[in-house]
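Chemist: Quick one: structure below, then a few questions.
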Amino acid sequence: MNKEEVDVVVIGAGPSGSVASAWLNKQGYKVLVLEKIKFPRFVIGESLLPHCMDHLEAVGFLDAVKKHGFQLKTGAAFYKGDHRTDFLFKDQHSKGWTWTWQVKRADFDHILIKTAEEQGVTVKFECEVKKVECSTDKQLVVYSDVNGNETEVTAKFIIDASGYGRVLPRLFNLEEPVKTPSRSAVFCHIHDNKRTSQAGENIFIHSFNDNKAWIWAIPFSDRTTSVGVVSETELVTDMAANGGEKFIAHIRNFQDLNGRFAEEKLLFEPRLIQGYAVRSKQLFGNGYVLCGNSTEFLDPIFSSGVTLATGSGLMAAKLADRKLKGEEINWQTEYEDILRKGIDVFRSFVLGWYNGDLQTILFSKTIDPNFKRQICSVLAGYVWDETNPIVKKHEAAIKSLAKVIRMMESNPST
Ligand SMILES: Cc1cc2nc3c(=O)[nH]c(=O)nc-3n(C[C@H](O)[C@H](O)[C@H](O)COP(=O)(O)OP(=O)(O)OC[C@H]3O[C@@H](n4cnc5c(N)ncnc54)[C@H](O)[C@@H]3O)c2cc1C
């Protein structure tokens, strides 16, 4: 077997692995990224949040991404029947980025990892991690290349950014069942010639089926758009059957889309992702840490995935740097608890979306402007901003506000 030695192995070249590897490379470590697939490769998850700009900036990726000319995103529009609510990130409570992009991930992810490579990270594509052994100070990773040749890498530390590959959660028995109902998504890319200027920039989210289902429309700069339906697995699987027949009919005829996709050509046959939610019971161990989708993926409704991936990648890399410099790191309090805190803010929003509480708030005519600004910050990804009251008391705030709005709307004289 071939042998190699590096400081850090990063498993996966998605946004999380790119950010983590770039940060460690900047600190002078010898970093090896092992990626199973050849890039560019398709992956879903195309609407970014402003907070991820902070992470891209921290590792020097912004200029390269800017050059590509991705679709600007300045907010999000939520629809339900006759109700429409717009959130513009410039109106958020937190001090932070007020815009971001909507991206075809094949291009975006490729730019990130190429930039990391140009900065000095070694990246090996079509190299699949097969085996990992971890201990306090020496880690072994075995990967196999396209020709089936195996190489054993010795490293001081491992960052698992393998997304749905979930390499270490599988190998180290860290998978934990999710408690929410199984939900799935069916989606395609479609031409979007009828796009109005209103629909020009931002993600549209259309709620239907009594809070149980929704459609996303994520416009790209080449006048194509990503469209998907998310709901419970049974409904979505049925929509995806026979080449996505019912899904296509749905997006062509859905009343609130006003015929936007009625005659447009699809760029590829609809694809299905079943039971997308995943969770790991522990996010670190001797010699390794998990980040991105290796930790947990909740739901696509608030486009949190890439921002949590870049944020956790950066946080994990900073701690790994301190550890490699000889500091004692409390991974529970300095990493897992902090990351889970941010994920939990999104969890309250996701639960509130599907149980109707958050939709009661979002589509209320009487939403308080301060409260709207606080919600807007969460939609921008600033889920660790403790100056935001809704970040501090997310679960209780959503429940009690929805209750008050329902009372006021059922009895306007109160
Ligand atoms: C339906 C749906 C819609 C979504 N919409 C959005 C959205 O609008 N906005 C958003 O921010 N997020 C969205 N997401 C979430 C988003 O897709 C993920 O959170 C994000 O891609 C996670 O990034 P990552 O870097 O952790 O993993 P990934 O981007 O998945 O990268 C992981 C990489 O690891 C590689 N890998 C896997 N196994 C191995 C192995 N054994 N050896 C080597 N390499 C390996 C893979 O090939 C892959 O390239 C959506 C998710 C779903 C399911």
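Identifiers in this document derive from the order of the structure tokens: chains are assigned A, B, ..., residues are numbered from 1 separately in each chain, and ligands are numbered from 1 in order of occurrence.
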Which chain A residues have any atom within 7 Å of an atom of ligand 1, and for each, what is the nearest pair of atoms with distance in Å to one decimal, counting only C-alpha atoms and all ligand atoms, rows sorted by chain and number, as a tab-separated table?
Modeler:
residue	atom	partner	partner_atom_place_in_ligand_line	distance
A:Ile11	CA	ligand 1	43 (C)	5.1
A:Gly12	CA	ligand 1	34 (O)	3.3
A:Ala13	CA	ligand 1	33 (C)	5.1
A:Gly14	CA	ligand 1	31 (O)	3.5
A:Pro15	CA	ligand 1	25 (O)	4.1
A:Ser16	CA	ligand 1	25 (O)	3.8
A:Gly17	CA	ligand 1	25 (O)	5.7
A:Leu34	CA	ligand 1	43 (C)	5.0
A:Glu35	CA	ligand 1	44 (N)	3.7
A:Lys36	CA	ligand 1	44 (N)	3.9
A:Ile37	CA	ligand 1	47 (O)	5.0
A:Val43	CA	ligand 1	17 (O)	6.4
A:Ile44	CA	ligand 1	17 (O)	4.9
A:Gly45	CA	ligand 1	6 (C)	3.1
A:Glu46	CA	ligand 1	8 (O)	4.4
A:Ser47	CA	ligand 1	8 (O)	3.8
A:Leu48	CA	ligand 1	11 (O)	4.9
A:Leu49	CA	ligand 1	11 (O)	6.7
A:Cys127	CA	ligand 1	43 (C)	6.0
A:Glu128	CA	ligand 1	42 (N)	3.7
A:Val129	CA	ligand 1	42 (N)	3.9
A:Lys130	CA	ligand 1	41 (N)	6.0
A:Ala161	CA	ligand 1	26 (O)	5.3
A:Ser162	CA	ligand 1	34 (O)	3.4
A:Gly163	CA	ligand 1	27 (O)	3.5
A:Tyr164	CA	ligand 1	30 (O)	5.6
A:Gly165	CA	ligand 1	38 (N)	3.6
A:Arg166	CA	ligand 1	38 (N)	6.4
A:Val167	CA	ligand 1	41 (N)	5.5
A:Ser184	CA	ligand 1	1 (C)	6.9
A:Ala185	CA	ligand 1	1 (C)	4.9
A:Ile273	CA	ligand 1	53 (C)	6.3
A:Tyr276	CA	ligand 1	53 (C)	5.0
A:Cys291	CA	ligand 1	26 (O)	6.4
A:Gly292	CA	ligand 1	26 (O)	3.3
A:Asn293	CA	ligand 1	26 (O)	3.9
A:Ser294	CA	ligand 1	26 (O)	6.1
A:Phe297	CA	ligand 1	19 (O)	6.2
A:Asp299	CA	ligand 1	51 (C)	6.8
A:Pro300	CA	ligand 1	4 (C)	4.4
A:Ser303	CA	ligand 1	9 (N)	3.5
A:Ser304	CA	ligand 1	11 (O)	4.6
A:Gly305	CA	ligand 1	19 (O)	3.1
A:Val306	CA	ligand 1	11 (O)	3.6
A:Thr307	CA	ligand 1	11 (O)	5.6
A:Ala309	CA	ligand 1	26 (O)	4.9
Chemist: Selection from above, C-alpha atoms, as a tab-separated table (two decimals), in the first residue's frame, can you write it?
Modeler:
chain	number	residue	atom	x	y	z
A	11	ILE	CA	-12.80	14.30	3.91
A	12	GLY	CA	-14.96	15.92	1.20
A	13	ALA	CA	-14.49	18.97	-1.03
A	14	GLY	CA	-17.92	20.59	-0.55
A	15	PRO	CA	-18.26	24.08	0.98
A	16	SER	CA	-17.48	22.82	4.48
A	17	GLY	CA	-14.31	20.98	3.47
A	34	LEU	CA	-9.84	13.66	-0.27
A	35	GLU	CA	-12.91	13.88	-2.53
A	36	LYS	CA	-14.79	10.85	-3.81
A	37	ILE	CA	-16.12	12.46	-7.00
A	43	VAL	CA	-25.46	18.89	-5.62
A	44	ILE	CA	-28.68	20.51	-4.44
A	45	GLY	CA	-28.62	23.49	-2.01
A	46	GLU	CA	-28.48	26.58	-4.17
A	47	SER	CA	-29.77	29.51	-2.14
A	48	LEU	CA	-27.10	30.91	0.17
A	49	LEU	CA	-27.57	33.06	3.28
A	127	CYS	CA	-10.32	9.35	-4.05
A	128	GLU	CA	-12.79	7.72	-1.71
A	129	VAL	CA	-12.09	7.36	2.00
A	130	LYS	CA	-12.71	3.74	2.94
A	161	ALA	CA	-16.83	17.21	5.77
A	162	SER	CA	-18.25	14.32	3.74
A	163	GLY	CA	-21.85	15.58	3.66
A	164	TYR	CA	-24.35	12.79	2.96
A	165	GLY	CA	-21.35	10.46	2.59
A	166	ARG	CA	-21.34	10.69	6.42
A	167	VAL	CA	-18.05	8.84	6.55
A	184	SER	CA	-38.40	14.51	0.82
A	185	ALA	CA	-37.83	16.78	-2.13
A	273	ILE	CA	-34.09	13.04	-2.45
A	276	TYR	CA	-33.13	14.20	3.70
A	291	CYS	CA	-18.70	19.55	10.16
A	292	GLY	CA	-21.33	20.47	7.54
A	293	ASN	CA	-23.91	17.82	6.73
A	294	SER	CA	-21.85	15.25	8.63
A	297	PHE	CA	-29.20	18.44	8.29
A	299	ASP	CA	-34.61	20.84	6.34
A	300	PRO	CA	-34.17	23.01	3.24
A	303	SER	CA	-31.66	27.52	3.15
A	304	SER	CA	-29.46	27.00	6.20
A	305	GLY	CA	-27.35	24.07	4.91
A	306	VAL	CA	-24.41	25.76	3.18
A	307	THR	CA	-24.12	28.48	5.83
A	309	ALA	CA	-21.49	23.94	6.52
Chemist: Mind listing the alpha helix (DSSP H) residues of region 89-236 of chain A, per DSSP on the backbone, as number ranges by chain?
Modeler: A: 105-119, 167-171, 233-236
Chemist: What is the CA of Cys188 (chain A)-CA of Trp216 (chain A) distance in Å, reported with one decimal?
Modeler: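 We find that CA of Cys188 (chain A) and CA of Trp216 (chain A) lie 10.6 Å from each other.
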Chemist: Which residues, written as JSON, numbers by chain, have at least one atom at most 10 Å from region 374-379 of chain A, with only C-alpha atoms counted and residues fewer than 2 positions away on the same chain left out?
Modeler: {"A": [49, 50, 51, 75, 76, 86, 87, 88, 89, 90, 91, 92, 93, 94, 95, 96, 97, 98, 302, 303, 304, 342, 345, 346, 349, 358, 361, 362, 369, 370, 371, 372, 381, 382, 383, 384, 385, 387, 388, 389, 390, 391, 394, 398]}
Chemist: Based on the selection just made, write N, CA and C atoms of those residues as a compact mmCIF listing (two decimals), in the first residue's frame.
Modeler:
# COMPACT_ATOMS: atom_id res chain seq x y z
N LEU A 49 -27.14 32.05 2.31
CA LEU A 49 -27.57 33.06 3.28
C LEU A 49 -26.42 34.06 3.48
N PRO A 50 -26.75 35.33 3.75
CA PRO A 50 -25.70 36.34 3.90
C PRO A 50 -24.58 35.96 4.88
N HIS A 51 -24.91 35.27 5.97
CA HIS A 51 -23.85 34.97 6.95
C HIS A 51 -22.72 34.12 6.35
N GLY A 75 -32.89 38.91 -0.47
CA GLY A 75 -33.95 38.61 0.48
C GLY A 75 -34.69 37.36 0.08
N ALA A 76 -35.87 37.18 0.69
CA ALA A 76 -36.70 36.00 0.40
C ALA A 76 -38.16 36.42 0.43
N ASP A 86 -42.38 39.77 2.22
CA ASP A 86 -41.00 39.90 1.73
C ASP A 86 -40.07 40.19 2.89
N PHE A 87 -38.95 39.54 2.88
CA PHE A 87 -37.88 39.89 3.82
C PHE A 87 -36.70 40.39 3.01
N LEU A 88 -36.21 41.57 3.36
CA LEU A 88 -35.01 42.08 2.70
C LEU A 88 -33.90 42.13 3.75
N PHE A 89 -32.78 41.53 3.42
CA PHE A 89 -31.71 41.38 4.43
C PHE A 89 -31.18 42.74 4.91
N LYS A 90 -31.39 43.78 4.13
CA LYS A 90 -30.93 45.10 4.58
C LYS A 90 -31.73 45.56 5.79
N ASP A 91 -32.89 44.94 6.00
CA ASP A 91 -33.74 45.35 7.13
C ASP A 91 -33.56 44.45 8.35
N GLN A 92 -32.48 43.68 8.40
CA GLN A 92 -32.33 42.75 9.53
C GLN A 92 -31.82 43.44 10.80
N HIS A 93 -32.04 42.75 11.91
CA HIS A 93 -31.59 43.24 13.22
C HIS A 93 -30.06 43.20 13.35
N SER A 94 -29.44 42.13 12.87
CA SER A 94 -27.99 41.93 13.09
C SER A 94 -27.17 42.83 12.18
N LYS A 95 -25.96 43.14 12.68
CA LYS A 95 -25.04 43.87 11.80
C LYS A 95 -24.29 42.82 11.00
N GLY A 96 -24.52 42.81 9.71
CA GLY A 96 -23.86 41.77 8.92
C GLY A 96 -24.12 41.97 7.45
N TRP A 97 -23.83 40.96 6.68
CA TRP A 97 -24.02 41.03 5.23
C TRP A 97 -25.50 41.18 4.90
N THR A 98 -25.78 41.99 3.88
CA THR A 98 -27.19 42.21 3.52
C THR A 98 -27.52 41.55 2.18
N PHE A 302 -35.30 26.96 5.17
CA PHE A 302 -34.68 28.29 5.37
C PHE A 302 -33.26 28.37 4.79
N SER A 303 -32.94 27.47 3.89
CA SER A 303 -31.66 27.52 3.15
C SER A 303 -30.46 27.61 4.10
N SER A 304 -30.51 26.87 5.17
CA SER A 304 -29.46 27.00 6.20
C SER A 304 -28.24 26.12 5.92
N GLY A 342 -26.82 27.15 17.32
CA GLY A 342 -27.24 27.75 16.05
C GLY A 342 -28.22 26.86 15.31
N VAL A 345 -31.72 27.09 16.69
CA VAL A 345 -32.52 28.26 16.29
C VAL A 345 -33.25 27.91 14.99
N PHE A 346 -32.51 27.35 14.04
CA PHE A 346 -33.17 26.95 12.79
C PHE A 346 -34.22 25.86 13.05
N PHE A 349 -37.43 27.31 13.94
CA PHE A 349 -38.07 27.90 12.75
C PHE A 349 -38.68 26.81 11.87
N LEU A 358 -45.06 29.49 12.77
CA LEU A 358 -44.24 30.49 12.09
C LEU A 358 -44.97 31.07 10.88
N ILE A 361 -47.18 33.76 11.88
CA ILE A 361 -46.44 35.02 12.10
C ILE A 361 -46.06 35.65 10.76
N LEU A 362 -45.46 34.83 9.88
CA LEU A 362 -44.96 35.38 8.61
C LEU A 362 -46.07 35.99 7.76
N PRO A 369 -42.75 45.47 13.26
CA PRO A 369 -41.53 45.66 12.45
C PRO A 369 -40.25 45.22 13.17
N ASN A 370 -40.19 45.41 14.48
CA ASN A 370 -39.00 44.96 15.22
C ASN A 370 -38.86 43.45 15.17
N PHE A 371 -40.01 42.82 15.37
CA PHE A 371 -39.99 41.36 15.36
C PHE A 371 -39.61 40.85 13.96
N LYS A 372 -40.10 41.56 12.95
CA LYS A 372 -39.77 41.17 11.57
C LYS A 372 -38.26 41.28 11.33
N GLY A 381 -29.14 34.02 8.42
CA GLY A 381 -28.16 33.06 8.93
C GLY A 381 -27.45 33.48 10.21
N TYR A 382 -27.81 34.65 10.75
CA TYR A 382 -27.10 35.13 11.96
C TYR A 382 -27.70 34.50 13.23
N VAL A 383 -27.56 33.19 13.32
CA VAL A 383 -28.22 32.45 14.41
C VAL A 383 -27.37 32.38 15.69
N TRP A 384 -26.21 33.03 15.65
CA TRP A 384 -25.40 33.08 16.89
C TRP A 384 -25.36 34.51 17.44
N ASP A 385 -26.18 35.39 16.91
CA ASP A 385 -26.17 36.78 17.34
C ASP A 385 -27.05 36.93 18.60
N THR A 387 -27.49 39.30 20.49
CA THR A 387 -28.20 40.57 20.69
C THR A 387 -29.62 40.47 20.12
N ASN A 388 -29.87 39.40 19.37
CA ASN A 388 -31.18 39.24 18.76
C ASN A 388 -32.10 38.47 19.72
N PRO A 389 -33.15 39.11 20.23
CA PRO A 389 -34.01 38.43 21.21
C PRO A 389 -34.56 37.10 20.71
N ILE A 390 -34.85 37.00 19.41
CA ILE A 390 -35.44 35.74 18.92
C ILE A 390 -34.40 34.62 18.86
N VAL A 391 -33.13 34.98 18.78
CA VAL A 391 -32.08 33.96 18.82
C VAL A 391 -32.00 33.39 20.25
N HIS A 394 -35.84 31.46 20.94
CA HIS A 394 -36.50 31.14 19.67
C HIS A 394 -37.79 30.34 19.83
N ILE A 398 -41.60 32.08 19.21
CA ILE A 398 -42.44 31.72 18.06
C ILE A 398 -43.82 31.26 18.55
Chemist: Within region 152-272 of chain A, find each residue whose DSSP state, derived from the backbone, is strand (DSSP E), and express the selection as a ChimeraX atom specification.
Modeler: /A:152-155,157-160,183-191,203-208,213-219,224-232,271-272
Chemist: Which residue, A:Asn173, A:Thr74, A:Asn2, A:Asn253, has the smallest gap to Glu152 (chain A) when you use only C-alpha atoms?
Modeler: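 Checking each candidate against Glu152 (chain A), we get A:Asn2 as the closest.
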Chemist: Can you work out which one of A:Ala58, A:Ile343, A:Ile301, A:Leu272 has the shortest atom-to-atom distance to Glu234 (chain A), counting only C-alpha atoms?
Modeler: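 Checking each candidate against Glu234 (chain A), we get A:Leu272 as the closest.
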Chemist: Residues near Val278 (chain A), anyone? I mean within 8 Å using only C-alpha atoms, not counting same-chain ones fewer than 5 positions away, as an MDAnalysis selection string.
Modeler: chainID A and resid 175:178 293 295:298
Chemist: Take the residues just selected and output them with C-alpha atoms as a PDB file, in the first residue's frame.
Modeler:
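Writing done, so here's out.pdb:
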ATOM      1  CA  GLU A 175     -25.844   8.093  13.426  1.00  0.00           C
ATOM      2  CA  GLU A 176     -28.880   9.171  15.434  1.00  0.00           C
ATOM      3  CA  PRO A 177     -32.472   8.840  14.201  1.00  0.00           C
ATOM      4  CA  VAL A 178     -34.220  12.163  13.497  1.00  0.00           C
ATOM      5  CA  ASN A 293     -23.906  17.816   6.728  1.00  0.00           C
ATOM      6  CA  THR A 295     -23.218  16.876  11.783  1.00  0.00           C
ATOM      7  CA  GLU A 296     -26.914  17.366  11.097  1.00  0.00           C
ATOM      8  CA  PHE A 297     -29.205  18.435   8.285  1.00  0.00           C
ATOM      9  CA  LEU A 298     -32.637  19.630   9.300  1.00  0.00           C
TER      10      LEU A 298
END
Chemist: In Å, rounded to a single decimal, give me how far CA of Ile329 (chain A) is from CA of Leu171 (chain A).
Modeler: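 Taking CA of Leu171 (chain A) and CA of Ile329 (chain A), their separation equals 23.5 Å.
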Chemist: For Leu266 (chain A), which residue out of A:Asp192, A:Gln332, A:Gly200, A:Glu327 is the nearest one, using only C-alpha atoms?
Modeler: A:Asp192
Chemist: Kindly indicate which residue among A:Tyr79, A:Trp101, A:Tyr143, A:Phe61 lies nearest to Glu126 (chain A), using only C-alpha atoms for the distances.
Modeler: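 Distance minimum relative to Glu126 (chain A) lands on A:Tyr143.
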Chemist: Between A:Leu257, A:Ala155, A:Val186, A:Val65, which residue has the minimum interatomic distance to Ala240 (chain A), considering only C-alpha atoms?
Modeler: A:Val186
Chemist: Quote the spacing between CA of Asp210 (chain A) and CA of Glu409 (chain A) in Å to one decimal place.
Modeler: 17.9 Å
Chemist: Excluding same-chain residues fewer than 6 positions from Thr366 (chain A), what lies within 12 Å of it counting only C-alpha atoms, as number ranges by chain?
Modeler: A: 85, 360, 372, 401-402, 404-409, 412
Chemist: With 12 Å as the cut-off and only C-alpha atoms counted, what is the closest atom pair between each nearby residue of region 244-299 of chain A and region 220-228 of chain A? Distances in Å to one decimal, ordered by chain and number, as JSON lines.
Modeler:
{"residue": "A:Gly244", "atom": "CA", "partner": "A:Gly228", "partner_atom": "CA", "distance": 11.0}
{"residue": "A:Phe247", "atom": "CA", "partner": "A:Gly228", "partner_atom": "CA", "distance": 8.4}
{"residue": "A:Ile248", "atom": "CA", "partner": "A:Gly228", "partner_atom": "CA", "distance": 9.8}
{"residue": "A:His250", "atom": "CA", "partner": "A:Gly228", "partner_atom": "CA", "distance": 10.2}
{"residue": "A:Ile251", "atom": "CA", "partner": "A:Val227", "partner_atom": "CA", "distance": 8.0}
{"residue": "A:Arg252", "atom": "CA", "partner": "A:Val227", "partner_atom": "CA", "distance": 10.7}
{"residue": "A:Leu257", "atom": "CA", "partner": "A:Val227", "partner_atom": "CA", "distance": 11.1}
{"residue": "A:Arg260", "atom": "CA", "partner": "A:Thr225", "partner_atom": "CA", "distance": 10.7}
{"residue": "A:Phe261", "atom": "CA", "partner": "A:Val227", "partner_atom": "CA", "distance": 9.4}
{"residue": "A:Glu264", "atom": "CA", "partner": "A:Thr224", "partner_atom": "CA", "distance": 9.7}
{"residue": "A:Lys265", "atom": "CA", "partner": "A:Thr224", "partner_atom": "CA", "distance": 9.7}
{"residue": "A:Leu266", "atom": "CA", "partner": "A:Thr224", "partner_atom": "CA", "distance": 9.2}
{"residue": "A:Leu267", "atom": "CA", "partner": "A:Thr224", "partner_atom": "CA", "distance": 8.5}
{"residue": "A:Phe268", "atom": "CA", "partner": "A:Ser226", "partner_atom": "CA", "distance": 10.7}
{"residue": "A:Glu269", "atom": "CA", "partner": "A:Val227", "partner_atom": "CA", "distance": 11.9}
{"residue": "A:Pro270", "atom": "CA", "partner": "A:Gly228", "partner_atom": "CA", "distance": 8.7}
{"residue": "A:Arg271", "atom": "CA", "partner": "A:Gly228", "partner_atom": "CA", "distance": 9.2}
{"residue": "A:Leu272", "atom": "CA", "partner": "A:Gly228", "partner_atom": "CA", "distance": 9.5}
{"residue": "A:Ile273", "atom": "CA", "partner": "A:Gly228", "partner_atom": "CA", "distance": 10.6}
Chemist: Using C-alpha atoms, can you export the residues from the last selection as a CSV table (one decimal), in the first residue's frame?
Modeler:
chain,number,residue,atom,x,y,z
A,244,GLY,CA,-41.7,13.4,-12.2
A,247,PHE,CA,-44.3,17.3,-10.1
A,248,ILE,CA,-44.0,18.8,-13.6
A,250,HIS,CA,-47.8,20.8,-10.4
A,251,ILE,CA,-45.2,23.5,-11.1
A,252,ARG,CA,-46.7,24.2,-14.5
A,257,LEU,CA,-46.9,30.7,-9.9
A,260,ARG,CA,-44.3,31.2,-14.8
A,261,PHE,CA,-43.2,27.7,-15.7
A,264,GLU,CA,-40.8,26.2,-20.0
A,265,LYS,CA,-38.3,23.4,-20.9
A,266,LEU,CA,-36.7,21.4,-18.1
A,267,LEU,CA,-32.9,21.2,-18.1
A,268,PHE,CA,-32.9,17.7,-16.6
A,269,GLU,CA,-35.5,15.1,-15.5
A,270,PRO,CA,-36.8,15.8,-12.0
A,271,ARG,CA,-34.7,14.3,-9.2
A,272,LEU,CA,-35.8,12.9,-5.9
A,273,ILE,CA,-34.1,13.0,-2.4
